[in-house]
Amino acid sequence: MGEVDPAFIQDPEHRPKLCFSEAEGIPMIDLYPSREKDPSALDRLVKEVGSACKEWGFFQVINHGVPLDHRHKVEAAAREFFGESKEEKNKVRRDAVKVLGYYDTEHTKNVRDWKEVFDFSVEEPTLVPASLDPHNQDVTHWHNQWPHYPPYLREVCQEYAKDMVKLALELMELIALSLGLHQKRFHEFFKDQTSFIRLNHYPPCPSPQLALGVGRHKDSGVLTILAQDDVGGLEVKRKSDGEWVRVRPTPNAYIINVGDTIQVWSNEAYESVEHRVMVNSEKERFSIPFFLNPSHYTMVEPLEELVNENYPAKYKPYNWGKFLVTRKRSNFMKLDVENIQIYHFKV
């Protein structure tokens with residue numbers, strides 16, 4: 001990636017400002033009380049999580065229980081993989097049939113992102129609809145593609161995926177309690193989860209004022225758990241004033257954000273928030289997001305416990321699997337229209 005190809009250039013109103021403000025007040029939540037036997041400490045934690053979801057849609061967690069060496073191993077493997085030749089990486093290149101693996105021409109909002117990625121799913125294989133046709137019930141399998149180099153990538157990624165699922169379900173229990181639901185209310189949706197992990201590499205960009213590592217977007221799934229390096233670049237659109245603010249990297253913490261699916265399940269008690277990734281001209285950046293997604297057969301709709309005469313459902317039900325495979329199309333082609341979004345299902 002040398003000079004900026006026009007495909008990367010953002011429209012003027014969406015170009016990043018090279019001078020930025022760091023976000024003040026993004027909640028930093030200590031998860032240790034969730035493992036204690038103290039009910040009052042757990043109550044305080046639940047209130048913290050609920051407040052963070054409502055006011056920000058983003059928060060950071062510490063004392064999260066993920067072994068630091070597991071994270072370091074995946075980070076090292078990612079650096080080694082992206083350091084391989086293009087020819088080697090292309091051996092596991094993804095396409096419209098093999099949708100998992102390496103890719104370097106992804107688009108967000110129909111503008112190319114300044115990045116390269118490697119995707120792998122948590123469930124091997126992952127069950128998804130075979131067709132976009134709502135009447136076709138056939139199912140197909142997504143299989144991971146693992147590179148030969150580095151040889152230990154598969155093992156460390158699979159180990160790390162277990163850590164992410166465990167942390168994600170713990171967070172979903174806290175979110176359930178914060179909404180007044182049974183602690184394990186969400187667990188049923190993840191029996192055949194379509195969750196996946198992405199290894200991101202953002203090379204230095206000669207014109208960081210024109211391009212973005214990832215353009216503005218909201219995450220369509222349930223919850224995202226992000227590990228970012230010390231370079232930073234994640235920006236969140238602050239709900240209070242609509243300003244883009246930078247999330248300062250905190251060593252060994254994870255950044256959590258609410259996805260569109262929680263927005264629908266909670267009937268907009270919690271809302272997903274727009275975010276994007278800046279690049280810079282000097283340093284490469286690495287990050288590893290885990291995307292918690294439900295099973296393909298999940299019908300996503302406001303939960304019945306959160307709907308009544310005073311608070312009617314704000315969304316019509318939609319099938320998660322069909323939604324997922326429809327959105328995947330835009331990874332491999334530039335669409336003439338915006339990709340499918342949850343607002344298409346607003347009542």
# chains A, B, ... in the order shown; residues from 1 in each chain; ligands from 1
$ residues_around --residues "Lys184 of chain A" --least-positions-apart "5" --cutoff "9 Å" --atoms "only C-alpha atoms" --output "JSON list (two decimals) with N, CA, C and O atoms, in the first residue's frame"
[["chain", "number", "residue", "atom", "x", "y", "z"],
["A", 169, "LEU", "N", -19.79, -14.26, 27.41],
["A", 169, "LEU", "CA", -20.98, -14.76, 28.11],
["A", 169, "LEU", "C", -21.09, -14.16, 29.51],
["A", 169, "LEU", "O", -22.20, -13.90, 30.00],
["A", 172, "MET", "N", -22.52, -10.80, 28.96],
["A", 172, "MET", "CA", -23.94, -10.89, 28.62],
["A", 172, "MET", "C", -24.80, -11.17, 29.85],
["A", 172, "MET", "O", -25.95, -10.73, 29.93],
["A", 173, "GLU", "N", -24.25, -11.89, 30.82],
["A", 173, "GLU", "CA", -24.97, -12.10, 32.08],
["A", 173, "GLU", "C", -25.14, -10.78, 32.82],
["A", 173, "GLU", "O", -26.22, -10.49, 33.36],
["A", 176, "ALA", "N", -27.71, -8.73, 30.97],
["A", 176, "ALA", "CA", -29.05, -9.26, 31.24],
["A", 176, "ALA", "C", -29.56, -8.75, 32.60],
["A", 176, "ALA", "O", -30.69, -8.25, 32.70],
["A", 177, "LEU", "N", -28.74, -8.86, 33.62],
["A", 177, "LEU", "CA", -29.14, -8.39, 34.95],
["A", 177, "LEU", "C", -29.43, -6.89, 34.94],
["A", 177, "LEU", "O", -30.36, -6.42, 35.59]]
$ closest_atom_pairs --of "segment 55-120 of chain A" --to "segment 204-211 of chain A" --cutoff "9 Å" --atoms "only C-alpha atoms" --output "tab-separated table"
residue	atom	partner	partner_atom	distance
A:Arg112	CA	A:Ala211	CA	8.5
A:Asp113	CA	A:Ala211	CA	7.5
A:Trp114	CA	A:Ala211	CA	6.8
$ write_last_selection --atoms "all heavy atoms" --output "tab-separated table (two decimals), in the first residue's frame"
chain	number	residue	atom	x	y	z
A	112	ARG	N	-13.12	1.76	0.32
A	112	ARG	CA	-12.15	0.73	0.72
A	112	ARG	C	-11.44	1.12	2.00
A	112	ARG	O	-11.05	2.29	2.19
A	112	ARG	CB	-11.14	0.51	-0.41
A	112	ARG	CG	-10.26	-0.69	-0.17
A	112	ARG	CD	-9.41	-1.01	-1.38
A	112	ARG	NE	-8.33	-1.91	-1.02
A	112	ARG	CZ	-7.33	-2.24	-1.82
A	112	ARG	NH1	-7.28	-1.74	-3.06
A	112	ARG	NH2	-6.37	-3.07	-1.42
A	113	ASP	N	-11.27	0.13	2.90
A	113	ASP	CA	-10.56	0.34	4.16
A	113	ASP	C	-9.05	0.16	3.98
A	113	ASP	O	-8.61	-0.72	3.22
A	113	ASP	CB	-11.04	-0.68	5.21
A	113	ASP	CG	-12.50	-0.50	5.59
A	113	ASP	OD1	-12.98	0.64	5.56
A	113	ASP	OD2	-13.15	-1.52	5.92
A	114	TRP	N	-8.27	0.98	4.71
A	114	TRP	CA	-6.80	0.90	4.68
A	114	TRP	C	-6.34	-0.16	5.69
A	114	TRP	O	-5.89	0.15	6.78
A	114	TRP	CB	-6.19	2.26	4.99
A	114	TRP	CG	-4.72	2.33	4.71
A	114	TRP	CD1	-3.71	2.00	5.58
A	114	TRP	CD2	-4.08	2.76	3.51
A	114	TRP	NE1	-2.49	2.18	4.98
A	114	TRP	CE2	-2.68	2.65	3.70
A	114	TRP	CE3	-4.56	3.23	2.27
A	114	TRP	CZ2	-1.77	2.99	2.72
A	114	TRP	CZ3	-3.63	3.57	1.29
A	114	TRP	CH2	-2.26	3.44	1.53
$ select_by_dssp --residues "segment 14-51 of chain A" --states "alpha helix (DSSP H)" --output "MDAnalysis selection string"
chainID A and resid 39:51
$ write_last_selection --atoms "N, CA, C and O atoms" --output "PDB file, in the first residue's frame"
ATOM      1  N   PRO A  39     -22.978  -9.974  47.162  1.00  0.00           N
ATOM      2  CA  PRO A  39     -24.107  -9.514  46.341  1.00  0.00           C
ATOM      3  C   PRO A  39     -24.120  -8.005  46.133  1.00  0.00           C
ATOM      4  O   PRO A  39     -24.486  -7.531  45.049  1.00  0.00           O
ATOM      5  N   SER A  40     -23.708  -7.237  47.124  1.00  0.00           N
ATOM      6  CA  SER A  40     -23.743  -5.775  46.975  1.00  0.00           C
ATOM      7  C   SER A  40     -22.703  -5.312  45.951  1.00  0.00           C
ATOM      8  O   SER A  40     -22.953  -4.375  45.185  1.00  0.00           O
ATOM      9  N   ALA A  41     -21.531  -5.973  45.915  1.00  0.00           N
ATOM     10  CA  ALA A  41     -20.503  -5.634  44.931  1.00  0.00           C
ATOM     11  C   ALA A  41     -20.994  -5.979  43.526  1.00  0.00           C
ATOM     12  O   ALA A  41     -20.764  -5.222  42.574  1.00  0.00           O
ATOM     13  N   LEU A  42     -21.691  -7.110  43.403  1.00  0.00           N
ATOM     14  CA  LEU A  42     -22.238  -7.501  42.098  1.00  0.00           C
ATOM     15  C   LEU A  42     -23.307  -6.504  41.648  1.00  0.00           C
ATOM     16  O   LEU A  42     -23.347  -6.115  40.469  1.00  0.00           O
ATOM     17  N   ASP A  43     -24.148  -6.068  42.579  1.00  0.00           N
ATOM     18  CA  ASP A  43     -25.184  -5.073  42.244  1.00  0.00           C
ATOM     19  C   ASP A  43     -24.563  -3.787  41.712  1.00  0.00           C
ATOM     20  O   ASP A  43     -25.045  -3.208  40.737  1.00  0.00           O
ATOM     21  N   ARG A  44     -23.485  -3.353  42.355  1.00  0.00           N
ATOM     22  CA  ARG A  44     -22.806  -2.129  41.904  1.00  0.00           C
ATOM     23  C   ARG A  44     -22.228  -2.324  40.502  1.00  0.00           C
ATOM     24  O   ARG A  44     -22.296  -1.421  39.661  1.00  0.00           O
ATOM     25  N   LEU A  45     -21.656  -3.501  40.266  1.00  0.00           N
ATOM     26  CA  LEU A  45     -21.073  -3.805  38.955  1.00  0.00           C
ATOM     27  C   LEU A  45     -22.155  -3.803  37.877  1.00  0.00           C
ATOM     28  O   LEU A  45     -21.970  -3.240  36.787  1.00  0.00           O
ATOM     29  N   VAL A  46     -23.288  -4.427  38.170  1.00  0.00           N
ATOM     30  CA  VAL A  46     -24.395  -4.472  37.209  1.00  0.00           C
ATOM     31  C   VAL A  46     -24.867  -3.056  36.864  1.00  0.00           C
ATOM     32  O   VAL A  46     -25.114  -2.736  35.696  1.00  0.00           O
ATOM     33  N   LYS A  47     -24.959  -2.206  37.880  1.00  0.00           N
ATOM     34  CA  LYS A  47     -25.371  -0.808  37.643  1.00  0.00           C
ATOM     35  C   LYS A  47     -24.344  -0.084  36.777  1.00  0.00           C
ATOM     36  O   LYS A  47     -24.704   0.713  35.899  1.00  0.00           O
ATOM     37  N   GLU A  48     -23.058  -0.332  37.023  1.00  0.00           N
ATOM     38  CA  GLU A  48     -21.990   0.278  36.217  1.00  0.00           C
ATOM     39  C   GLU A  48     -22.111  -0.130  34.749  1.00  0.00           C
ATOM     40  O   GLU A  48     -22.004   0.700  33.847  1.00  0.00           O
ATOM     41  N   VAL A  49     -22.316  -1.431  34.528  1.00  0.00           N
ATOM     42  CA  VAL A  49     -22.433  -1.945  33.157  1.00  0.00           C
ATOM     43  C   VAL A  49     -23.661  -1.348  32.476  1.00  0.00           C
ATOM     44  O   VAL A  49     -23.597  -0.894  31.328  1.00  0.00           O
ATOM     45  N   GLY A  50     -24.776  -1.326  33.188  1.00  0.00           N
ATOM     46  CA  GLY A  50     -26.000  -0.764  32.619  1.00  0.00           C
ATOM     47  C   GLY A  50     -25.847   0.700  32.260  1.00  0.00           C
ATOM     48  O   GLY A  50     -26.265   1.144  31.187  1.00  0.00           O
ATOM     49  N   SER A  51     -25.225   1.453  33.145  1.00  0.00           N
ATOM     50  CA  SER A  51     -25.005   2.884  32.901  1.00  0.00           C
ATOM     51  C   SER A  51     -24.091   3.094  31.698  1.00  0.00           C
ATOM     52  O   SER A  51     -24.341   3.967  30.849  1.00  0.00           O
TER      53      SER A  51
END
$ closest_residue --among "A:Leu234, A:Ile62, A:Met28, A:Ile288" --to "Tyr160 of chain A" --atoms "only C-alpha atoms"
A:Ile288
$ residues_around --residues "segment 74-80 of chain A" --least-positions-apart "3" --cutoff "6 Å" --atoms "only C-alpha atoms" --output "mmCIF file with all heavy atoms, in the first residue's frame"
data_model
loop_
_atom_site.group_PDB
_atom_site.id
_atom_site.type_symbol
_atom_site.label_atom_id
_atom_site.label_comp_id
_atom_site.auth_asym_id
_atom_site.auth_seq_id
_atom_site.Cartn_x
_atom_site.Cartn_y
_atom_site.Cartn_z
ATOM 1 N N ARG A 71 -3.224 -13.692 25.103
ATOM 2 C CA ARG A 71 -3.354 -12.510 24.240
ATOM 3 C C ARG A 71 -2.038 -12.204 23.532
ATOM 4 O O ARG A 71 -2.021 -11.930 22.326
ATOM 5 C CB ARG A 71 -3.812 -11.316 25.081
ATOM 6 C CG ARG A 71 -3.886 -10.001 24.321
ATOM 7 C CD ARG A 71 -4.606 -8.952 25.137
ATOM 8 N NE ARG A 71 -4.426 -7.604 24.591
ATOM 9 C CZ ARG A 71 -5.088 -6.538 25.029
ATOM 10 N NH1 ARG A 71 -5.980 -6.663 25.999
ATOM 11 N NH2 ARG A 71 -4.882 -5.347 24.496
ATOM 12 N N GLY A 83 3.344 -10.324 8.316
ATOM 13 C CA GLY A 83 4.686 -10.085 7.796
ATOM 14 C C GLY A 83 5.080 -11.040 6.673
ATOM 15 O O GLY A 83 6.117 -10.851 6.023
ATOM 16 N N LEU A 153 -0.214 -20.610 14.554
ATOM 17 C CA LEU A 153 -1.328 -19.649 14.528
ATOM 18 C C LEU A 153 -2.655 -20.300 14.921
ATOM 19 O O LEU A 153 -3.405 -19.781 15.745
ATOM 20 C CB LEU A 153 -1.450 -19.020 13.137
ATOM 21 C CG LEU A 153 -2.564 -17.979 13.004
ATOM 22 C CD1 LEU A 153 -2.114 -16.643 13.565
ATOM 23 C CD2 LEU A 153 -2.985 -17.790 11.540
ATOM 24 N N VAL A 156 -2.989 -21.151 18.820
ATOM 25 C CA VAL A 156 -3.134 -20.009 19.730
ATOM 26 C C VAL A 156 -4.450 -19.269 19.487
ATOM 27 O O VAL A 156 -5.052 -18.740 20.415
ATOM 28 C CB VAL A 156 -1.928 -19.043 19.655
ATOM 29 C CG1 VAL A 156 -0.649 -19.754 20.052
ATOM 30 C CG2 VAL A 156 -1.787 -18.386 18.300
#
$ select_by_dssp --residues "segment 72-117 of chain A" --states "strand (DSSP E)" --output "number ranges by chain"
A: 101-103, 107-108, 111-112, 116-117
$ closest_residue --among "A:Gln137, A:Gln60, A:Val214, A:Glu155" --to "Leu226 of chain A" --atoms "only C-alpha atoms"
A:Gln60
$ atom_distance --atom1 "atom CA of Trp320 of chain A" --atom2 "atom CA of His344 of chain A"
13.5 Å
$ atom_distance --atom1 "atom CA of Gln158 of chain A" --atom2 "atom CA of Asp260 of chain A"
25.9 Å
$ closest_residue --among "A:Ile9, A:Val258, A:Leu292, A:Val99" --to "Leu167 of chain A" --atoms "only C-alpha atoms"
A:Leu292
$ closest_atom_pairs --of "segment 227-274 of chain A" --to "segment 216-223 of chain A" --cutoff "12 Å" --atoms "only C-alpha atoms" --output "JSON lines"
{"residue": "A:Leu234", "atom": "CA", "partner": "A:Arg216", "partner_atom": "CA", "distance": 10.5}
{"residue": "A:Glu235", "atom": "CA", "partner": "A:Arg216", "partner_atom": "CA", "distance": 9.1}
{"residue": "A:Val236", "atom": "CA", "partner": "A:Arg216", "partner_atom": "CA", "distance": 9.1}
{"residue": "A:Lys237", "atom": "CA", "partner": "A:Arg216", "partner_atom": "CA", "distance": 9.0}
{"residue": "A:Trp244", "atom": "CA", "partner": "A:Arg216", "partner_atom": "CA", "distance": 10.2}
{"residue": "A:Ile255", "atom": "CA", "partner": "A:Leu223", "partner_atom": "CA", "distance": 10.5}
{"residue": "A:Ile256", "atom": "CA", "partner": "A:Leu223", "partner_atom": "CA", "distance": 7.1}
{"residue": "A:Asn257", "atom": "CA", "partner": "A:Leu223", "partner_atom": "CA", "distance": 5.9}
{"residue": "A:Val258", "atom": "CA", "partner": "A:Leu223", "partner_atom": "CA", "distance": 5.0}
{"residue": "A:Gly259", "atom": "CA", "partner": "A:Val222", "partner_atom": "CA", "distance": 4.7}
{"residue": "A:Asp260", "atom": "CA", "partner": "A:Ser220", "partner_atom": "CA", "distance": 4.7}
{"residue": "A:Thr261", "atom": "CA", "partner": "A:Val222", "partner_atom": "CA", "distance": 4.8}
{"residue": "A:Ile262", "atom": "CA", "partner": "A:Val222", "partner_atom": "CA", "distance": 5.4}
{"residue": "A:Gln263", "atom": "CA", "partner": "A:Val222", "partner_atom": "CA", "distance": 8.5}
{"residue": "A:Val264", "atom": "CA", "partner": "A:Val222", "partner_atom": "CA", "distance": 9.6}
{"residue": "A:Trp265", "atom": "CA", "partner": "A:Val222", "partner_atom": "CA", "distance": 9.2}
{"residue": "A:Ser266", "atom": "CA", "partner": "A:Val222", "partner_atom": "CA", "distance": 11.0}
{"residue": "A:Tyr270", "atom": "CA", "partner": "A:Val222", "partner_atom": "CA", "distance": 11.5}
{"residue": "A:Glu271", "atom": "CA", "partner": "A:Lys218", "partner_atom": "CA", "distance": 9.9}
{"residue": "A:Ser272", "atom": "CA", "partner": "A:Lys218", "partner_atom": "CA", "distance": 6.4}
{"residue": "A:Val273", "atom": "CA", "partner": "A:Lys218", "partner_atom": "CA", "distance": 5.9}
{"residue": "A:Glu274", "atom": "CA", "partner": "A:Lys218", "partner_atom": "CA", "distance": 4.8}
$ atom_distance --atom1 "atom CA of Pro129 of chain A" --atom2 "atom CA of Gly321 of chain A"
5.9 Å
$ closest_residue --among "A:Ser85, A:Thr194, A:Asn252, A:Ser240" --to "Pro67 of chain A" --atoms "only C-alpha atoms"
A:Asn252
$ residues_around --residues "Val122 of chain A" --least-positions-apart "6" --cutoff "8 Å" --atoms "only C-alpha atoms" --output "list in words"
Gln158, Ala161, Lys162, Gln193, Thr194, Ser195, Phe196 and Ile197 of chain A
$ closest_residue --among "A:Lys346, A:Arg329, A:Lys314, A:Arg285" --to "Val231 of chain A" --atoms "only C-alpha atoms"
A:Arg285
